[in-house]
file structure22.cif (mmCIF, C-alpha atoms)
data_protein
#
loop_
_atom_site.label_atom_id
_atom_site.label_comp_id
_atom_site.auth_asym_id
_atom_site.auth_seq_id
_atom_site.Cartn_x
_atom_site.Cartn_y
_atom_site.Cartn_z
CA MET A 1 -19.96 -0.91 -21.20
CA VAL A 2 -21.26 0.08 -17.78
CA ASP A 3 -19.59 1.48 -14.67
CA TYR A 4 -21.69 2.49 -11.67
CA GLY A 5 -18.79 4.40 -10.09
CA GLN A 6 -18.84 2.42 -6.85
CA PRO A 7 -15.68 1.86 -4.78
CA VAL A 8 -13.92 -1.45 -5.43
CA ARG A 9 -14.16 -3.83 -2.48
CA PHE A 10 -12.58 -7.22 -1.87
CA GLY A 11 -13.64 -10.15 0.26
CA VAL A 12 -12.56 -13.71 1.02
CA PHE A 13 -14.60 -16.83 0.26
CA LEU A 14 -13.98 -19.38 3.04
CA THR A 15 -14.94 -23.05 2.74
CA PRO A 16 -16.64 -24.17 6.00
CA ASP A 17 -14.39 -27.22 6.39
CA ALA A 18 -15.40 -28.99 9.62
CA THR A 19 -12.02 -30.72 9.86
CA GLN A 20 -10.18 -27.39 10.35
CA PRO A 21 -12.36 -25.07 12.45
CA SER A 22 -9.47 -23.33 14.23
CA ARG A 23 -7.71 -22.68 10.92
CA LEU A 24 -10.85 -21.05 9.52
CA LEU A 25 -11.06 -18.66 12.43
CA GLU A 26 -7.37 -17.82 12.14
CA LEU A 27 -7.80 -17.04 8.45
CA ALA A 28 -10.82 -14.85 9.19
CA ILE A 29 -8.88 -12.88 11.80
CA LEU A 30 -6.01 -12.40 9.36
CA ALA A 31 -8.36 -11.31 6.57
CA ASP A 32 -9.81 -8.72 8.93
CA GLU A 33 -6.34 -7.46 9.89
CA LEU A 34 -5.31 -7.25 6.22
CA GLY A 35 -8.25 -5.00 5.39
CA PHE A 36 -10.54 -7.30 3.41
CA GLU A 37 -14.06 -5.87 3.50
CA LEU A 38 -16.09 -9.10 3.44
CA ILE A 39 -15.96 -12.76 4.37
CA GLY A 40 -18.43 -14.99 2.55
CA VAL A 41 -19.30 -18.59 3.50
CA GLN A 42 -21.26 -20.99 1.30
CA ASP A 43 -24.38 -22.58 2.80
CA HIS A 44 -24.84 -26.29 2.06
CA PRO A 45 -26.22 -27.91 5.24
CA TYR A 46 -26.44 -31.32 3.54
CA GLN A 47 -22.64 -31.46 3.12
CA ARG A 48 -21.49 -33.69 5.97
CA ARG A 49 -17.98 -32.22 6.07
CA PHE A 50 -19.21 -28.63 6.36
CA LEU A 51 -19.77 -26.61 9.50
CA ASP A 52 -23.13 -24.90 9.83
CA THR A 53 -22.77 -21.59 8.02
CA TRP A 54 -24.62 -19.41 10.52
CA THR A 55 -22.70 -20.82 13.46
CA LEU A 56 -19.41 -20.23 11.65
CA LEU A 57 -20.36 -16.68 10.64
CA THR A 58 -21.21 -15.90 14.26
CA ALA A 59 -17.88 -17.28 15.48
CA ILE A 60 -16.05 -15.22 12.83
CA ALA A 61 -17.97 -12.06 13.67
CA MET A 62 -17.11 -12.42 17.35
CA ARG A 63 -13.39 -12.68 16.59
CA THR A 64 -13.10 -9.87 14.06
CA LYS A 65 -13.48 -6.10 14.26
CA THR A 66 -14.34 -4.50 10.94
CA VAL A 67 -14.90 -7.11 8.23
CA GLN A 68 -18.48 -7.74 7.07
CA VAL A 69 -19.71 -11.34 7.08
CA PHE A 70 -22.41 -12.91 4.91
CA PRO A 71 -23.77 -16.29 3.76
CA ASP A 72 -22.71 -16.68 0.12
CA VAL A 73 -25.58 -17.56 -0.35
CA ALA A 74 -28.09 -18.78 2.27
CA ASN A 75 -29.98 -21.90 1.22
CA LEU A 76 -33.54 -20.60 1.42
CA PRO A 77 -35.35 -23.98 1.21
CA LEU A 78 -33.52 -25.02 4.40
CA ARG A 79 -33.71 -21.62 6.14
CA PRO A 80 -37.32 -20.56 6.95
CA PRO A 81 -37.31 -16.83 6.20
CA ALA A 82 -38.85 -15.60 9.46
CA ILE A 83 -36.25 -17.49 11.48
CA LEU A 84 -33.52 -16.49 9.04
CA ALA A 85 -34.51 -12.85 9.54
CA LYS A 86 -34.28 -13.26 13.32
CA ALA A 87 -30.85 -14.89 13.05
CA ALA A 88 -29.62 -12.18 10.67
CA ALA A 89 -30.83 -9.31 12.85
CA SER A 90 -29.34 -10.95 15.92
CA LEU A 91 -25.94 -11.38 14.29
CA ASP A 92 -26.05 -7.84 12.96
CA LEU A 93 -26.62 -6.55 16.48
CA LEU A 94 -23.95 -8.78 18.00
CA SER A 95 -21.38 -7.78 15.37
CA GLY A 96 -22.02 -4.06 15.49
CA GLY A 97 -23.80 -3.89 12.13
CA ARG A 98 -21.49 -6.11 10.06
CA LEU A 99 -23.88 -8.55 8.37
CA GLY A 100 -24.93 -8.86 4.74
CA LEU A 101 -27.53 -11.42 3.69
CA GLY A 102 -26.86 -13.41 0.56
CA LEU A 103 -29.91 -15.44 -0.50
CA GLY A 104 -30.32 -18.26 -3.00
CA ALA A 105 -33.49 -19.88 -4.32
CA GLY A 106 -32.05 -23.37 -3.93
CA GLY A 107 -30.56 -26.15 -6.01
CA ALA A 108 -29.26 -29.69 -5.41
CA TRP A 109 -32.86 -30.64 -4.74
CA GLU A 110 -32.20 -34.31 -4.02
CA ALA A 111 -29.73 -33.33 -1.29
CA ILE A 112 -32.21 -30.80 0.09
CA LYS A 113 -34.91 -33.47 0.12
CA ALA A 114 -32.59 -35.91 1.87
CA ILE A 115 -32.13 -33.55 4.81
CA GLY A 116 -35.85 -32.79 5.09
CA GLY A 117 -36.30 -29.75 2.88
CA PRO A 118 -38.91 -29.11 0.18
CA VAL A 119 -38.38 -29.88 -3.50
CA ARG A 120 -39.45 -27.01 -5.77
CA THR A 121 -39.61 -26.42 -9.48
CA PRO A 122 -37.50 -23.54 -10.85
CA GLY A 123 -40.60 -21.36 -11.07
CA GLU A 124 -41.69 -22.22 -7.53
CA SER A 125 -38.23 -21.53 -6.16
CA VAL A 126 -38.22 -17.98 -7.57
CA SER A 127 -41.74 -17.30 -6.27
CA ALA A 128 -40.74 -18.59 -2.83
CA LEU A 129 -37.67 -16.34 -2.85
CA GLU A 130 -39.79 -13.29 -3.66
CA GLU A 131 -42.11 -14.10 -0.77
CA ALA A 132 -39.11 -14.69 1.51
CA ILE A 133 -37.69 -11.23 0.84
CA GLN A 134 -41.00 -9.70 1.90
CA VAL A 135 -41.20 -11.88 5.02
CA ILE A 136 -37.63 -11.05 6.04
CA ARG A 137 -38.18 -7.32 5.73
CA LEU A 138 -41.44 -7.57 7.69
CA MET A 139 -39.59 -9.43 10.44
CA TRP A 140 -37.02 -6.61 10.58
CA SER A 141 -39.74 -3.94 10.90
CA GLY A 142 -40.26 -4.26 14.65
CA GLU A 143 -44.02 -4.00 14.14
CA ARG A 144 -46.60 -5.95 16.12
CA GLY A 145 -49.28 -8.31 14.88
CA VAL A 146 -47.76 -8.67 11.41
CA ARG A 147 -49.51 -10.88 8.88
CA PHE A 148 -48.42 -12.25 5.52
CA ASP A 149 -50.42 -14.72 3.48
CA GLY A 150 -48.22 -16.19 0.78
CA LYS A 151 -48.30 -19.46 -1.09
CA PHE A 152 -45.05 -20.66 0.49
CA TYR A 153 -44.73 -18.60 3.69
CA GLN A 154 -47.21 -17.15 6.16
CA LEU A 155 -47.11 -14.85 9.17
CA ALA A 156 -50.18 -14.95 11.42
CA GLY A 157 -50.00 -11.97 13.75
CA VAL A 158 -46.31 -12.30 14.67
CA GLN A 159 -44.56 -9.87 17.02
CA THR A 160 -41.54 -8.98 14.90
CA GLY A 161 -38.04 -8.01 15.93
CA PRO A 162 -35.40 -7.34 16.85
CA LYS A 163 -34.56 -4.66 14.31
CA PRO A 164 -31.06 -4.97 12.83
CA MET A 165 -28.44 -2.39 13.81
CA HIS A 166 -28.10 -1.24 10.20
CA PRO A 167 -30.10 -1.74 6.97
CA ILE A 168 -28.99 -5.26 6.04
CA GLY A 169 -28.49 -5.67 2.31
CA ILE A 170 -30.22 -8.64 0.69
CA TRP A 171 -28.02 -9.89 -2.16
CA LEU A 172 -29.37 -12.56 -4.49
CA GLY A 173 -27.46 -15.33 -6.20
CA ALA A 174 -29.19 -15.03 -9.59
CA TYR A 175 -28.58 -16.11 -13.20
CA ARG A 176 -31.84 -16.48 -15.11
CA PRO A 177 -33.99 -13.58 -16.39
CA ARG A 178 -36.77 -13.84 -13.81
CA MET A 179 -34.28 -13.92 -10.93
CA LEU A 180 -32.35 -10.97 -12.38
CA SER A 181 -35.56 -8.98 -12.60
CA LEU A 182 -36.24 -9.85 -8.96
CA VAL A 183 -32.85 -8.38 -8.02
CA GLY A 184 -33.80 -5.13 -9.74
CA ARG A 185 -37.29 -4.96 -8.24
CA LEU A 186 -36.67 -5.98 -4.64
CA ALA A 187 -33.08 -6.80 -3.71
CA ASP A 188 -30.07 -4.72 -2.66
CA GLY A 189 -27.40 -6.61 -4.58
CA TRP A 190 -26.50 -9.30 -7.10
CA VAL A 191 -23.93 -12.01 -6.30
CA PRO A 192 -23.17 -14.42 -9.19
CA SER A 193 -20.06 -16.58 -9.51
CA LEU A 194 -17.46 -16.31 -12.25
CA GLY A 195 -17.49 -19.59 -14.13
CA TYR A 196 -21.25 -19.86 -13.97
CA VAL A 197 -21.21 -16.52 -15.79
CA GLN A 198 -18.77 -14.95 -18.23
CA PRO A 199 -18.06 -11.20 -18.56
CA ALA A 200 -20.59 -10.82 -21.38
CA ASP A 201 -23.22 -12.46 -19.16
CA LEU A 202 -22.51 -9.89 -16.44
CA LEU A 203 -23.21 -7.05 -18.83
CA GLU A 204 -26.52 -8.61 -19.88
CA GLY A 205 -27.42 -9.41 -16.27
CA ASN A 206 -26.80 -5.85 -15.18
CA ARG A 207 -28.92 -4.59 -18.06
CA ARG A 208 -31.86 -6.74 -16.94
CA ILE A 209 -31.41 -5.67 -13.31
CA ASP A 210 -31.29 -2.00 -14.28
CA GLU A 211 -34.41 -2.25 -16.45
CA ALA A 212 -36.35 -3.92 -13.64
CA ALA A 213 -35.08 -1.39 -11.09
CA ALA A 214 -36.06 1.56 -13.27
CA ALA A 215 -39.51 0.09 -13.90
CA ALA A 216 -39.96 -0.25 -10.14
CA GLY A 217 -38.89 3.35 -9.54
CA ARG A 218 -35.59 2.34 -7.98
CA GLU A 219 -32.12 3.76 -8.57
CA PRO A 220 -30.00 1.08 -10.33
CA ARG A 221 -26.77 2.62 -9.01
CA ALA A 222 -27.86 1.78 -5.46
CA ILE A 223 -27.80 -1.98 -6.18
CA ARG A 224 -24.47 -3.61 -5.32
CA ARG A 225 -22.83 -5.91 -7.85
CA LEU A 226 -20.78 -8.61 -6.12
CA LEU A 227 -18.89 -11.40 -7.86
CA ASN A 228 -17.42 -14.63 -6.54
CA ALA A 229 -14.11 -15.04 -8.35
CA GLY A 230 -10.82 -16.89 -8.14
CA ALA A 231 -7.40 -15.56 -7.16
CA ASP A 232 -6.14 -16.38 -10.66
CA VAL A 233 -8.08 -13.49 -12.22
CA PRO A 234 -5.50 -10.97 -13.50
CA VAL A 235 -5.51 -7.29 -12.54
CA GLU A 236 -6.57 -6.29 -16.06
CA MET A 237 -9.64 -8.50 -15.87
CA PHE A 238 -10.69 -7.14 -12.46
CA THR A 239 -10.35 -3.68 -13.97
CA SER A 240 -12.52 -4.47 -16.98
CA LEU A 241 -15.08 -6.26 -14.79
CA THR A 242 -15.41 -3.00 -12.85
CA VAL A 243 -15.34 -0.29 -15.52
CA GLU A 244 -16.91 -2.27 -18.38
CA GLN A 245 -19.16 -4.94 -16.80
CA GLY A 246 -20.31 -2.91 -13.78
CA MET A 247 -19.18 -5.11 -10.88
CA ASP A 248 -17.90 -3.49 -7.68
CA THR A 249 -17.16 -6.17 -5.07
CA TYR A 250 -15.07 -9.33 -5.47
CA VAL A 251 -15.24 -12.28 -3.08
CA ILE A 252 -12.10 -14.28 -3.74
CA GLY A 253 -11.74 -18.04 -3.41
CA GLY A 254 -8.47 -19.93 -3.59
CA ILE A 255 -6.61 -17.80 -1.04
CA GLU A 256 -7.34 -19.93 2.01
CA ASP A 257 -3.88 -19.85 3.57
CA PRO A 258 -1.98 -17.00 5.28
CA GLU A 259 0.61 -16.49 2.54
CA ALA A 260 -2.02 -16.29 -0.18
CA LEU A 261 -4.11 -13.85 1.84
CA ARG A 262 -1.12 -11.58 2.42
CA TRP A 263 -0.07 -11.76 -1.24
CA PHE A 264 -3.52 -10.87 -2.51
CA ALA A 265 -3.99 -8.03 0.00
CA THR A 266 -0.60 -6.44 -0.62
CA ASP A 267 -0.05 -7.10 -4.35
CA VAL A 268 -3.39 -7.53 -6.09
CA VAL A 269 -5.85 -5.29 -4.21
CA PRO A 270 -3.90 -2.02 -4.51
CA ALA A 271 -2.97 -2.78 -8.13
CA VAL A 272 -6.62 -3.26 -9.07
CA ARG A 273 -7.74 -0.10 -7.28
CA GLU A 274 -5.02 1.93 -8.96
CA ALA A 275 -5.89 0.51 -12.38
CA VAL A 276 -9.60 1.23 -11.87
CA ALA A 277 -8.85 4.79 -10.77
CA ARG A 278 -6.79 5.34 -13.93
CA ALA A 279 -9.48 3.84 -16.15
CA ARG A 280 -12.15 6.06 -14.64
#
call {"tool": "encode", "arguments": {"input": "structure22.cif", "output": "structure tokens"}}
result
Amino acid sequence: MVDYGQPVRFGVFLTPDATQPSRLLELAILADELGFELIGVQDHPYQRRFLDTWTLLTAIAMRTKTVQVFPDVANLPLRPPAILAKAAASLDLLSGGRLGLGLGAGGAWEAIKAIGGPVRTPGESVSALEEAIQVIRLMWSGERGVRFDGKFYQLAGVQTGPKPMHPIGIWLGAYRPRMLSLVGRLADGWVPSLGYVQPADLLEGNRRIDEAAAAAGREPRAIRRLLNAGADVPVEMFTSLTVEQGMDTYVIGGIEDPEALRWFATDVVPAVREAVARAR
């Protein structure tokens, strides 16, 4: 059992359906009004029926007031990290410091290849992600003449900036041991999806993250533990995921209509927070 004592947060997972752009913005505005803390949008540029994730996140951020927005998770092979860093810092400034940056190493390689992206082995994709984290943070530094000589990414005397308004968290979609260790060594959060992992996997994943963080001289408690989950998860399971498996933030899919959003915000969210408070 593990509980990092973090506050329980809830977000909404919105599908970037290009056939209903106005509806997506209306749902985002309602989620903001109802007090959800995050809105996450998947990033699959090769899906012809999907809006571009960054464009949608920008539109959402400009129409909301307090909710944080983030790509859940950004498709690194199709998002060059220096440009991704610039886009992230820009949106953070435009939104008043409301951006988180979910990052993924890639998958669906044939689809990525079809749209012009690179095809990488699993090992290469993790190495590229590690380099990308370093490049992104260098681009946020505001320093001049920055250089980086990696296998996958290079900077050759770039003038970096702008700096983000706030320290943007880099949250990794990770499942395998090497990726989990990368979360502990370099990232600010972990964002797996329920279904791809089970509760027991979360406990093991957090153990690996904590070991890597401690070895790197980092405080494991400072790493956020986000989970993509469905609205059908019962209150008791959210409670155990928090106080036994160590998760703290839940991005909920399956509530993409106004009635479902209101139900979840008024019935489920307070019940989970009360149950967690009692369990602690």
call {"tool": "resolve_selection", "arguments": {"input": "structure22.cif", "expression": "the PyMOL selection byres ((chain A and resi 260) around 12)", "output": "PyMOL selection string"}}
result
chain A and resi 12+27+30-31+34+230-232+252-259+261-268
call {"tool": "write_last_selection", "arguments": {"input": "structure22.cif", "atoms": "C-alpha atoms", "output": "JSON list (two decimals), keeping the file's coordinate frame"}}
result
[["chain", "number", "residue", "atom", "x", "y", "z"],
["A", 12, "VAL", "CA", -12.56, -13.71, 1.02],
["A", 27, "LEU", "CA", -7.80, -17.04, 8.45],
["A", 30, "LEU", "CA", -6.01, -12.40, 9.36],
["A", 31, "ALA", "CA", -8.36, -11.31, 6.57],
["A", 34, "LEU", "CA", -5.31, -7.25, 6.22],
["A", 230, "GLY", "CA", -10.82, -16.89, -8.14],
["A", 231, "ALA", "CA", -7.40, -15.56, -7.16],
["A", 232, "ASP", "CA", -6.14, -16.38, -10.66],
["A", 252, "ILE", "CA", -12.10, -14.28, -3.74],
["A", 253, "GLY", "CA", -11.74, -18.04, -3.41],
["A", 254, "GLY", "CA", -8.47, -19.93, -3.59],
["A", 255, "ILE", "CA", -6.61, -17.80, -1.04],
["A", 256, "GLU", "CA", -7.34, -19.93, 2.01],
["A", 257, "ASP", "CA", -3.88, -19.85, 3.57],
["A", 258, "PRO", "CA", -1.98, -17.00, 5.28],
["A", 259, "GLU", "CA", 0.61, -16.49, 2.54],
["A", 261, "LEU", "CA", -4.11, -13.85, 1.84],
["A", 262, "ARG", "CA", -1.12, -11.58, 2.42],
["A", 263, "TRP", "CA", -0.07, -11.76, -1.24],
["A", 264, "PHE", "CA", -3.52, -10.87, -2.51],
["A", 265, "ALA", "CA", -3.99, -8.03, 0.00],
["A", 266, "THR", "CA", -0.60, -6.44, -0.62],
["A", 267, "ASP", "CA", -0.05, -7.10, -4.35],
["A", 268, "VAL", "CA", -3.39, -7.53, -6.09]]
call {"tool": "closest_residue", "arguments": {"input": "structure22.cif", "among": "A:Ser193, A:Gln68, A:Gln47, A:Ser181", "to": "A:Asn206", "atoms": "all atoms listed in the file"}}
result
A:Ser181
call {"tool": "resolve_selection", "arguments": {"input": "structure22.cif", "expression": "the PyMOL selection byres ((chain A and resi 84) around 10)", "output": "ChimeraX atom specification"}}
result
/A:54,74,76,78-83,85-90,101,132,135-136,139
call {"tool": "closest_residue", "arguments": {"input": "structure22.cif", "among": "A:Ala59, A:Leu38, A:Lys65, A:Pro77", "to": "A:Gly116", "atoms": "only C-alpha atoms"}}
result
A:Pro77
call {"tool": "residues_near_point", "arguments": {"input": "structure22.cif", "point": "(-39.6, -17.0, -3.8)", "cutoff": "12 Å", "atoms": "only C-alpha atoms", "output": "PyMOL selection string"}}
result
chain A and resi 75-77+80-81+103-106+120-136+150-153+172+178-179+182-183+186
call {"tool": "atom_distance", "arguments": {"input": "structure22.cif", "atom1": "atom CA of A:Thr19", "atom2": "atom CA of A:Ile112"}}
result
22.4 Å
call {"tool": "closest_residue", "arguments": {"input": "structure22.cif", "among": "A:Glu37, A:Arg221, A:Ala229, A:Ala213", "to": "A:Tyr196", "atoms": "only C-alpha atoms"}}
result
A:Ala229
call {"tool": "residues_around", "arguments": {"input": "structure22.cif", "residues": "A:Leu227", "least_positions_apart": "2", "cutoff": "8 Å", "atoms": "all atoms listed in the file", "output": "list in words"}}
result
Trp190, Val191, Pro192, Ser193, Leu194, Arg225, Ala229, Met247, Asp248, Thr249, Tyr250 and Val251 of chain A
call {"tool": "write_last_selection", "arguments": {"input": "structure22.cif", "atoms": "C-alpha atoms", "output": "PDB file, in the frame of the given file"}}
result
ATOM      1  CA  TRP A 190     -26.500  -9.300  -7.100  1.00  0.00           C
ATOM      2  CA  VAL A 191     -23.930 -12.010  -6.300  1.00  0.00           C
ATOM      3  CA  PRO A 192     -23.170 -14.420  -9.190  1.00  0.00           C
ATOM      4  CA  SER A 193     -20.060 -16.580  -9.510  1.00  0.00           C
ATOM      5  CA  LEU A 194     -17.460 -16.310 -12.250  1.00  0.00           C
ATOM      6  CA  ARG A 225     -22.830  -5.910  -7.850  1.00  0.00           C
ATOM      7  CA  ALA A 229     -14.110 -15.040  -8.350  1.00  0.00           C
ATOM      8  CA  MET A 247     -19.180  -5.110 -10.880  1.00  0.00           C
ATOM      9  CA  ASP A 248     -17.900  -3.490  -7.680  1.00  0.00           C
ATOM     10  CA  THR A 249     -17.160  -6.170  -5.070  1.00  0.00           C
ATOM     11  CA  TYR A 250     -15.070  -9.330  -5.470  1.00  0.00           C
ATOM     12  CA  VAL A 251     -15.240 -12.280  -3.080  1.00  0.00           C
TER      13      VAL A 251
END
call {"tool": "residues_around", "arguments": {"input": "structure22.cif", "residues": "stretch 3-8 of chain A", "least_positions_apart": "5", "cutoff": "10 Å", "atoms": "only C-alpha atoms", "output": "ChimeraX atom specification"}}
result
/A:37,220-226,238-250,269,272-273,276-277,280
call {"tool": "atom_distance", "arguments": {"input": "structure22.cif", "atom1": "atom CA of A:Asp72", "atom2": "atom CA of A:Ala174"}}
result
11.8 Å
call {"tool": "residues_around", "arguments": {"input": "structure22.cif", "residues": "A:Gly184", "least_positions_apart": "3", "cutoff": "7 Å", "atoms": "all atoms listed in the file", "output": "short mmCIF file (atom, residue, chain, number, x, y, z; two decimals) with C-alpha atoms, in the coordinates of the input"}}
result
data_model
loop_
_atom_site.label_atom_id
_atom_site.label_comp_id
_atom_site.auth_asym_id
_atom_site.auth_seq_id
_atom_site.Cartn_x
_atom_site.Cartn_y
_atom_site.Cartn_z
CA LEU A 180 -32.35 -10.97 -12.38
CA SER A 181 -35.56 -8.98 -12.60
CA ALA A 187 -33.08 -6.80 -3.71
CA ILE A 209 -31.41 -5.67 -13.31
CA ASP A 210 -31.29 -2.00 -14.28
CA ALA A 212 -36.35 -3.92 -13.64
CA ALA A 213 -35.08 -1.39 -11.09
#
call {"tool": "atom_distance", "arguments": {"input": "structure22.cif", "atom1": "atom CA of A:Met62", "atom2": "atom CA of A:Gly97"}}
result
12.0 Å
call {"tool": "closest_residue", "arguments": {"input": "structure22.cif", "among": "A:Leu56, A:Leu93, A:Met237, A:Val67", "to": "A:Gly161", "atoms": "only C-alpha atoms"}}
result
A:Leu93
